[in-house]
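Peer 1: My structure is stored as target.txt, with compact mmCIF, C-alpha atoms and all ligand atoms.
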```txt
# COMPACT_ATOMS: atom_id res chain seq x y z
CA MET A 1 61.79 108.99 74.76
CA ASN A 2 63.48 109.21 78.16
CA ILE A 3 63.18 112.76 79.46
CA LEU A 4 64.89 113.93 82.63
CA ALA A 5 63.29 116.91 84.40
CA ILE A 6 65.51 118.71 86.91
CA GLU A 7 63.27 121.11 88.82
CA ASP A 8 62.87 121.97 92.51
CA GLU A 9 59.26 123.13 92.38
CA PRO A 10 57.09 120.06 93.10
CA ALA A 11 54.02 121.48 91.35
CA ILE A 12 55.89 122.00 88.07
CA LEU A 13 57.57 118.63 88.36
CA ARG A 14 54.18 116.95 88.83
CA MET A 15 52.77 118.82 85.84
CA LEU A 16 55.69 117.73 83.67
CA GLU A 17 55.45 114.14 84.88
CA ARG A 18 51.73 113.93 84.20
CA GLY A 19 51.79 115.69 80.85
CA LEU A 20 54.82 113.94 79.38
CA SER A 21 53.95 110.43 80.53
CA ALA A 22 50.44 110.93 79.10
CA ARG A 23 52.18 111.43 75.73
CA GLY A 24 54.10 108.19 76.03
CA HIS A 25 57.42 109.51 77.34
CA GLN A 26 59.38 107.95 80.17
CA ILE A 27 59.95 110.73 82.63
CA LEU A 28 62.65 110.77 85.28
CA THR A 29 62.79 113.54 87.82
CA ALA A 30 65.37 115.12 90.07
CA GLU A 31 64.68 117.85 92.59
CA SER A 32 68.29 118.88 93.04
CA GLY A 33 71.00 119.86 90.58
CA GLU A 34 73.45 117.38 92.06
CA VAL A 35 71.15 114.37 91.64
CA GLY A 36 70.06 115.60 88.19
CA ALA A 37 73.63 115.99 86.94
CA LEU A 38 74.50 112.45 88.06
CA MET A 39 71.42 111.02 86.34
CA ALA A 40 72.17 112.89 83.10
CA GLU A 41 75.73 111.59 83.13
CA ASP A 42 74.98 107.95 83.88
CA GLN A 43 71.52 107.05 82.65
CA ALA A 44 69.99 106.53 79.23
CA ILE A 45 68.47 110.00 78.90
CA ASP A 46 67.45 111.45 75.51
CA LEU A 47 66.62 115.00 76.59
CA VAL A 48 66.90 117.17 79.70
CA LEU A 49 64.51 119.83 80.96
CA LEU A 50 66.62 121.93 83.28
CA ASP A 51 65.43 124.64 85.66
CA ILE A 52 67.95 127.47 85.98
CA SER A 53 67.26 128.46 89.57
CA LEU A 54 67.94 125.40 91.70
CA PRO A 55 69.27 125.40 95.25
CA GLU A 56 73.00 124.63 95.71
CA LEU A 57 74.11 123.41 92.27
CA ASP A 58 72.16 125.74 89.95
CA GLY A 59 71.10 125.11 86.36
CA HIS A 60 74.21 126.72 84.88
CA ALA A 61 76.50 124.44 86.90
CA VAL A 62 74.41 121.38 85.98
CA LEU A 63 74.57 122.36 82.31
CA ALA A 64 78.37 122.65 82.48
CA ARG A 65 78.60 119.15 83.98
CA ILE A 66 76.29 117.67 81.34
CA ARG A 67 78.19 119.38 78.49
CA ALA A 68 81.52 118.04 79.78
CA ARG A 69 80.30 114.45 79.71
CA ARG A 70 77.57 114.38 77.07
CA PRO A 71 78.18 117.18 74.56
CA SER A 72 75.30 116.29 72.25
CA LEU A 73 72.53 115.57 74.79
CA PRO A 74 69.69 118.05 74.07
CA VAL A 75 69.06 120.41 77.01
CA LEU A 76 66.04 122.71 77.24
CA MET A 77 66.40 125.30 80.00
CA LEU A 78 63.41 126.45 82.04
CA THR A 79 63.63 130.00 83.35
CA ALA A 80 61.34 131.33 86.04
CA ARG A 81 60.98 134.79 84.62
CA ASP A 82 61.89 136.76 81.54
CA ASP A 83 65.48 136.89 82.65
CA LEU A 84 67.54 137.83 79.60
CA ASP A 85 70.94 137.51 81.31
CA ASN A 86 70.27 133.97 82.45
CA LYS A 87 68.96 132.94 79.03
CA VAL A 88 71.93 134.37 77.19
CA ARG A 89 74.30 132.74 79.66
CA ALA A 90 72.57 129.39 79.26
CA LEU A 91 72.64 129.51 75.45
CA ASP A 92 76.28 130.59 75.46
CA ALA A 93 77.08 127.64 77.74
CA GLY A 94 75.54 125.19 75.27
CA ALA A 95 71.84 124.95 76.16
CA ASP A 96 69.88 124.07 73.03
CA ASP A 97 66.83 126.18 73.81
CA TYR A 98 64.92 127.76 76.69
CA LEU A 99 61.34 128.21 77.78
CA THR A 100 60.02 130.83 80.18
CA LYS A 101 57.71 129.73 82.99
CA PRO A 102 54.76 129.71 83.02
CA PHE A 103 54.53 128.03 79.62
CA ALA A 104 51.77 126.38 77.63
CA PHE A 105 52.24 122.60 77.58
CA GLU A 106 51.76 122.52 73.81
CA GLU A 107 54.70 124.88 73.43
CA LEU A 108 56.89 122.63 75.57
CA LEU A 109 55.94 119.66 73.38
CA ALA A 110 56.74 121.60 70.20
CA ARG A 111 60.18 122.58 71.54
CA ILE A 112 60.88 118.98 72.55
CA ARG A 113 59.96 117.79 69.05
CA ALA A 114 62.22 120.40 67.45
CA LEU A 115 65.18 119.48 69.66
CA THR A 116 64.71 115.77 69.04
CA ARG A 117 64.65 116.31 65.27
CA ARG A 118 67.83 118.32 65.46
CA ALA A 119 69.55 115.68 67.61
CA ASP A 120 68.51 112.90 65.18
CA GLN A 121 69.94 114.79 62.21
CA GLN A 122 73.17 115.41 64.05
CA GLN A 123 73.44 111.77 65.02
CA ALA A 124 73.00 110.63 61.45
CA SER A 125 76.01 112.68 60.36
CA GLN A 126 78.21 111.65 63.28
CA LEU A 127 79.66 108.31 64.19
CA GLU A 128 81.01 107.44 67.64
CA ALA A 129 82.90 104.47 69.05
CA GLY A 130 84.59 104.74 72.43
CA ASP A 131 86.34 108.12 72.44
CA LEU A 132 86.56 108.22 68.63
CA ARG A 133 84.17 110.47 66.74
CA LEU A 134 83.73 111.12 63.02
CA ASP A 135 81.76 113.86 61.34
CA LEU A 136 80.73 112.33 58.03
CA LEU A 137 79.74 115.64 56.46
CA SER A 138 82.87 117.65 57.19
CA ARG A 139 85.04 114.45 57.05
CA ARG A 140 86.70 115.37 60.33
CA ALA A 141 87.82 112.99 63.08
CA TRP A 142 88.47 113.34 66.81
CA ARG A 143 89.80 111.24 69.64
CA GLY A 144 88.28 112.78 72.75
CA GLU A 145 88.84 116.50 72.29
CA ARG A 146 91.86 116.06 70.02
CA SER A 147 91.27 116.34 66.31
CA ILE A 148 92.93 113.76 64.05
CA ASP A 149 94.14 114.78 60.61
CA LEU A 150 93.35 111.90 58.22
CA SER A 151 93.75 111.34 54.50
CA SER A 152 90.54 110.35 52.75
CA ARG A 153 91.59 106.67 52.63
CA GLU A 154 92.48 106.69 56.33
CA PHE A 155 89.14 108.30 57.07
CA ALA A 156 87.30 105.62 55.09
CA LEU A 157 89.24 102.91 56.92
CA LEU A 158 88.45 104.36 60.36
CA GLU A 159 84.81 104.79 59.35
CA TYR A 160 84.63 101.14 58.35
CA PHE A 161 86.11 100.06 61.71
CA MET A 162 83.71 102.33 63.58
CA ARG A 163 80.69 100.95 61.74
CA HIS A 164 81.72 97.45 62.87
CA PRO A 165 82.98 97.85 66.44
CA ASP A 166 84.08 94.67 68.25
CA GLN A 167 83.97 92.63 65.04
CA VAL A 168 86.92 90.82 63.55
CA LEU A 169 87.38 92.21 60.03
CA SER A 170 89.52 90.24 57.61
CA ARG A 171 92.00 91.95 55.28
CA ASP A 172 89.83 90.96 52.32
CA GLN A 173 86.72 92.42 53.89
CA ILE A 174 88.55 95.67 54.60
CA LEU A 175 90.07 95.77 51.10
CA PHE A 176 86.71 95.28 49.48
CA ALA A 177 84.92 97.84 51.68
CA VAL A 178 87.55 100.58 51.69
CA TRP A 179 89.44 100.13 48.40
CA GLU A 180 86.50 98.73 46.40
CA TYR A 181 87.73 97.73 42.95
CA ASP A 182 90.97 99.53 43.28
CA TYR A 183 93.17 96.88 44.90
CA GLU A 184 95.41 93.92 44.35
CA PRO A 185 94.28 91.06 46.60
CA ALA A 186 97.80 90.06 47.56
CA SER A 187 99.01 93.51 48.51
CA ASN A 188 99.73 94.55 52.05
CA VAL A 189 97.98 97.88 51.64
CA VAL A 190 95.59 97.18 54.55
CA ASP A 191 98.44 96.55 56.98
CA VAL A 192 100.23 99.66 55.79
CA TYR A 193 97.15 101.84 56.24
CA VAL A 194 96.26 100.31 59.59
CA ARG A 195 99.76 101.27 60.70
CA TYR A 196 99.25 104.86 59.46
CA LEU A 197 95.91 105.03 61.18
CA ARG A 198 97.19 103.68 64.50
CA ARG A 199 99.96 106.24 64.50
CA LYS A 200 97.46 109.06 64.04
CA VAL A 201 94.90 107.72 66.49
CA SER A 202 97.57 107.07 69.16
CA PRO A 203 100.44 109.46 68.31
CA SER A 204 102.23 109.13 71.65
CA GLY A 205 102.20 105.35 71.69
CA GLU A 206 99.18 105.03 74.02
CA PRO A 207 97.11 101.83 73.70
CA SER A 208 95.44 101.64 70.29
CA PRO A 209 91.76 100.72 69.92
CA ILE A 210 92.67 98.94 66.64
CA ASN A 211 93.81 95.44 67.57
CA THR A 212 95.48 92.84 65.41
CA VAL A 213 93.74 89.49 65.57
CA ARG A 214 96.44 87.03 64.62
CA GLY A 215 95.62 85.07 61.47
CA ALA A 216 92.22 86.73 61.13
CA GLY A 217 92.49 90.47 60.63
CA TYR A 218 91.74 93.50 62.77
CA ARG A 219 89.19 94.51 65.37
CA LEU A 220 88.25 97.92 66.75
CA ASP A 221 87.90 97.77 70.51
CA PRO A 222 85.87 100.83 71.58
CA SER A 223 86.65 100.21 75.26
CA VAL A 224 90.28 101.27 74.67
CA VAL A 225 90.12 105.00 75.36
CA GLU A 226 92.84 107.55 75.80
CA SER A 227 93.52 108.11 79.50
CA GLY A 228 93.59 111.54 81.05
CA CA B 301 63.45 126.67 90.64
```
Is it possible to give me this structure as structure tokens?

Peer 2:
Amino acid sequence: MNILAIEDEPAILRMLERGLSARGHQILTAESGEVGALMAEDQAIDLVLLDISLPELDGHAVLARIRARRPSLPVLMLTARDDLDNKVRALDAGADDYLTKPFAFEELLARIRALTRRADQQQASQLEAGDLRLDLLSRRAWRGERSIDLSSREFALLEYFMRHPDQVLSRDQILFAVWEYDYEPASNVVDVYVRYLRRKVSPSGEPSPINTVRGAGYRLDPSVVESG
């Protein structure tokens, strides 16, 4: 697992580096909030250990930046003392857990395991492609922050596209996957539903991620995201 530690105390950073790499993790480190926030936004990080008291950009500000760009990235806050206010603030702002320094390394490992399990479960129930996101349990859909109200057939159609991003899907493939037995091969039901879906995904006529591939079918292009 790739773990990013954002911490300005070199001794703690060294301890984390040694201990976590000895357990087979890749550990990346940042000694300032600014550098740490950039790394969390741009690099393949699975979990962040984030000190609250950092010079300049503090842990709360770094957390806000991470949450804006990567809402589901697990973040474990490290607090220097038993500072209830800071802990409550961090949890309210979307930290997943916190640990008070000094801590036993075994406890840190246990918290990391718990957060990773939680993140895995969440991932299994959510599907993402570009700025589209589906929650398969609650059957809800979003484009960016905007929620999309879909019928169950539209949801199934979008889910099928999102499970096959960047692939050309023929009308027959879509009919079989989404309508199962309940279809007439010659009907234009796929085109009709793709039209419904496009209208809901791009209600103001912005570019649609669902492209028509002439003579072949449709393709979801996850790189088409809503601007703004
Ligand atoms: Ca510190």

Peer 1: Give the residues close to ligand CA 301 (chain B), within 6 Å, counting all atoms listed in the file; write them as an NGL selection string.

Peer 2: :A and (7-9 or 51 or 53-54)

Peer 1: Which is closer to Leu158 in chain A than all the others in A:Arg65, A:Arg198, A:Lys87, A:Arg117, using all atoms listed in the file?

Peer 2: A:Arg198

Peer 1: How many Å separate CA of Thr79 in chain A from CA of Asp120 in chain A?

Peer 2: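 Between CA of Thr79 in chain A and CA of Asp120 in chain A the gap is 25.4 Å.
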
Peer 1: So what do you get for CA of Asp96 in chain A versus CA of Glu145 in chain A, distance-wise?

Peer 2: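 It comes out at 20.4 Å.
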
Peer 1: From the options A:Glu206, A:Glu41, A:Asp46, A:Glu106, which residue's atoms come nearest to Leu4 in chain A, counting all atoms listed in the file?

Peer 2: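 Counting all atoms listed in the file, the residue closest to Leu4 in chain A is A:Asp46.
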
Peer 1: Because some atoms of range 84-98 of chain A are absent here, can you restore N, CA, C and O atoms and send them as a PDB file, keeping the file's coordinate frame?

Peer 2:
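Result file is selection_39.pdb:
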```
ATOM      1  N   LEU A  84      66.714 137.867  80.802  1.00  0.00           N
ATOM      2  CA  LEU A  84      67.540 137.830  79.600  1.00  0.00           C
ATOM      3  C   LEU A  84      68.973 137.371  79.901  1.00  0.00           C
ATOM      4  O   LEU A  84      69.542 136.556  79.175  1.00  0.00           O
ATOM      5  N   ASP A  85      69.554 137.871  80.977  1.00  0.00           N
ATOM      6  CA  ASP A  85      70.940 137.510  81.310  1.00  0.00           C
ATOM      7  C   ASP A  85      71.108 135.999  81.448  1.00  0.00           C
ATOM      8  O   ASP A  85      72.043 135.417  80.913  1.00  0.00           O
ATOM      9  N   ASN A  86      70.175 135.410  82.220  1.00  0.00           N
ATOM     10  CA  ASN A  86      70.270 133.970  82.450  1.00  0.00           C
ATOM     11  C   ASN A  86      70.081 133.176  81.158  1.00  0.00           C
ATOM     12  O   ASN A  86      70.729 132.154  80.954  1.00  0.00           O
ATOM     13  N   LYS A  87      69.195 133.647  80.293  1.00  0.00           N
ATOM     14  CA  LYS A  87      68.960 132.940  79.030  1.00  0.00           C
ATOM     15  C   LYS A  87      70.193 132.999  78.147  1.00  0.00           C
ATOM     16  O   LYS A  87      70.615 131.992  77.571  1.00  0.00           O
ATOM     17  N   VAL A  88      70.752 134.204  78.037  1.00  0.00           N
ATOM     18  CA  VAL A  88      71.930 134.370  77.190  1.00  0.00           C
ATOM     19  C   VAL A  88      73.072 133.508  77.719  1.00  0.00           C
ATOM     20  O   VAL A  88      73.754 132.803  76.972  1.00  0.00           O
ATOM     21  N   ARG A  89      73.234 133.543  79.045  1.00  0.00           N
ATOM     22  CA  ARG A  89      74.300 132.740  79.660  1.00  0.00           C
ATOM     23  C   ARG A  89      74.097 131.253  79.366  1.00  0.00           C
ATOM     24  O   ARG A  89      75.049 130.538  79.061  1.00  0.00           O
ATOM     25  N   ALA A  90      72.853 130.807  79.475  1.00  0.00           N
ATOM     26  CA  ALA A  90      72.570 129.390  79.260  1.00  0.00           C
ATOM     27  C   ALA A  90      72.834 129.005  77.801  1.00  0.00           C
ATOM     28  O   ALA A  90      73.442 127.964  77.523  1.00  0.00           O
ATOM     29  N   LEU A  91      72.417 129.840  76.870  1.00  0.00           N
ATOM     30  CA  LEU A  91      72.640 129.510  75.450  1.00  0.00           C
ATOM     31  C   LEU A  91      74.127 129.531  75.131  1.00  0.00           C
ATOM     32  O   LEU A  91      74.628 128.666  74.417  1.00  0.00           O
ATOM     33  N   ASP A  92      74.827 130.525  75.680  1.00  0.00           N
ATOM     34  CA  ASP A  92      76.280 130.590  75.460  1.00  0.00           C
ATOM     35  C   ASP A  92      76.974 129.342  76.004  1.00  0.00           C
ATOM     36  O   ASP A  92      77.979 128.893  75.464  1.00  0.00           O
ATOM     37  N   ALA A  93      76.438 128.802  77.103  1.00  0.00           N
ATOM     38  CA  ALA A  93      77.080 127.640  77.740  1.00  0.00           C
ATOM     39  C   ALA A  93      76.643 126.332  77.081  1.00  0.00           C
ATOM     40  O   ALA A  93      77.002 125.264  77.546  1.00  0.00           O
ATOM     41  N   GLY A  94      75.844 126.406  76.013  1.00  0.00           N
ATOM     42  CA  GLY A  94      75.540 125.190  75.270  1.00  0.00           C
ATOM     43  C   GLY A  94      74.144 124.625  75.477  1.00  0.00           C
ATOM     44  O   GLY A  94      73.875 123.506  75.069  1.00  0.00           O
ATOM     45  N   ALA A  95      73.235 125.408  76.107  1.00  0.00           N
ATOM     46  CA  ALA A  95      71.840 124.950  76.160  1.00  0.00           C
ATOM     47  C   ALA A  95      71.299 125.017  74.733  1.00  0.00           C
ATOM     48  O   ALA A  95      71.720 125.863  73.938  1.00  0.00           O
ATOM     49  N   ASP A  96      70.386 124.096  74.393  1.00  0.00           N
ATOM     50  CA  ASP A  96      69.880 124.070  73.030  1.00  0.00           C
ATOM     51  C   ASP A  96      68.720 125.025  72.829  1.00  0.00           C
ATOM     52  O   ASP A  96      68.476 125.487  71.727  1.00  0.00           O
ATOM     53  N   ASP A  97      67.977 125.301  73.917  1.00  0.00           N
ATOM     54  CA  ASP A  97      66.830 126.180  73.810  1.00  0.00           C
ATOM     55  C   ASP A  97      66.398 126.530  75.235  1.00  0.00           C
ATOM     56  O   ASP A  97      66.901 125.954  76.198  1.00  0.00           O
ATOM     57  N   TYR A  98      65.472 127.479  75.370  1.00  0.00           N
ATOM     58  CA  TYR A  98      64.920 127.760  76.690  1.00  0.00           C
ATOM     59  C   TYR A  98      63.439 128.058  76.575  1.00  0.00           C
ATOM     60  O   TYR A  98      62.931 128.358  75.490  1.00  0.00           O
TER      61      TYR A  98
END
```
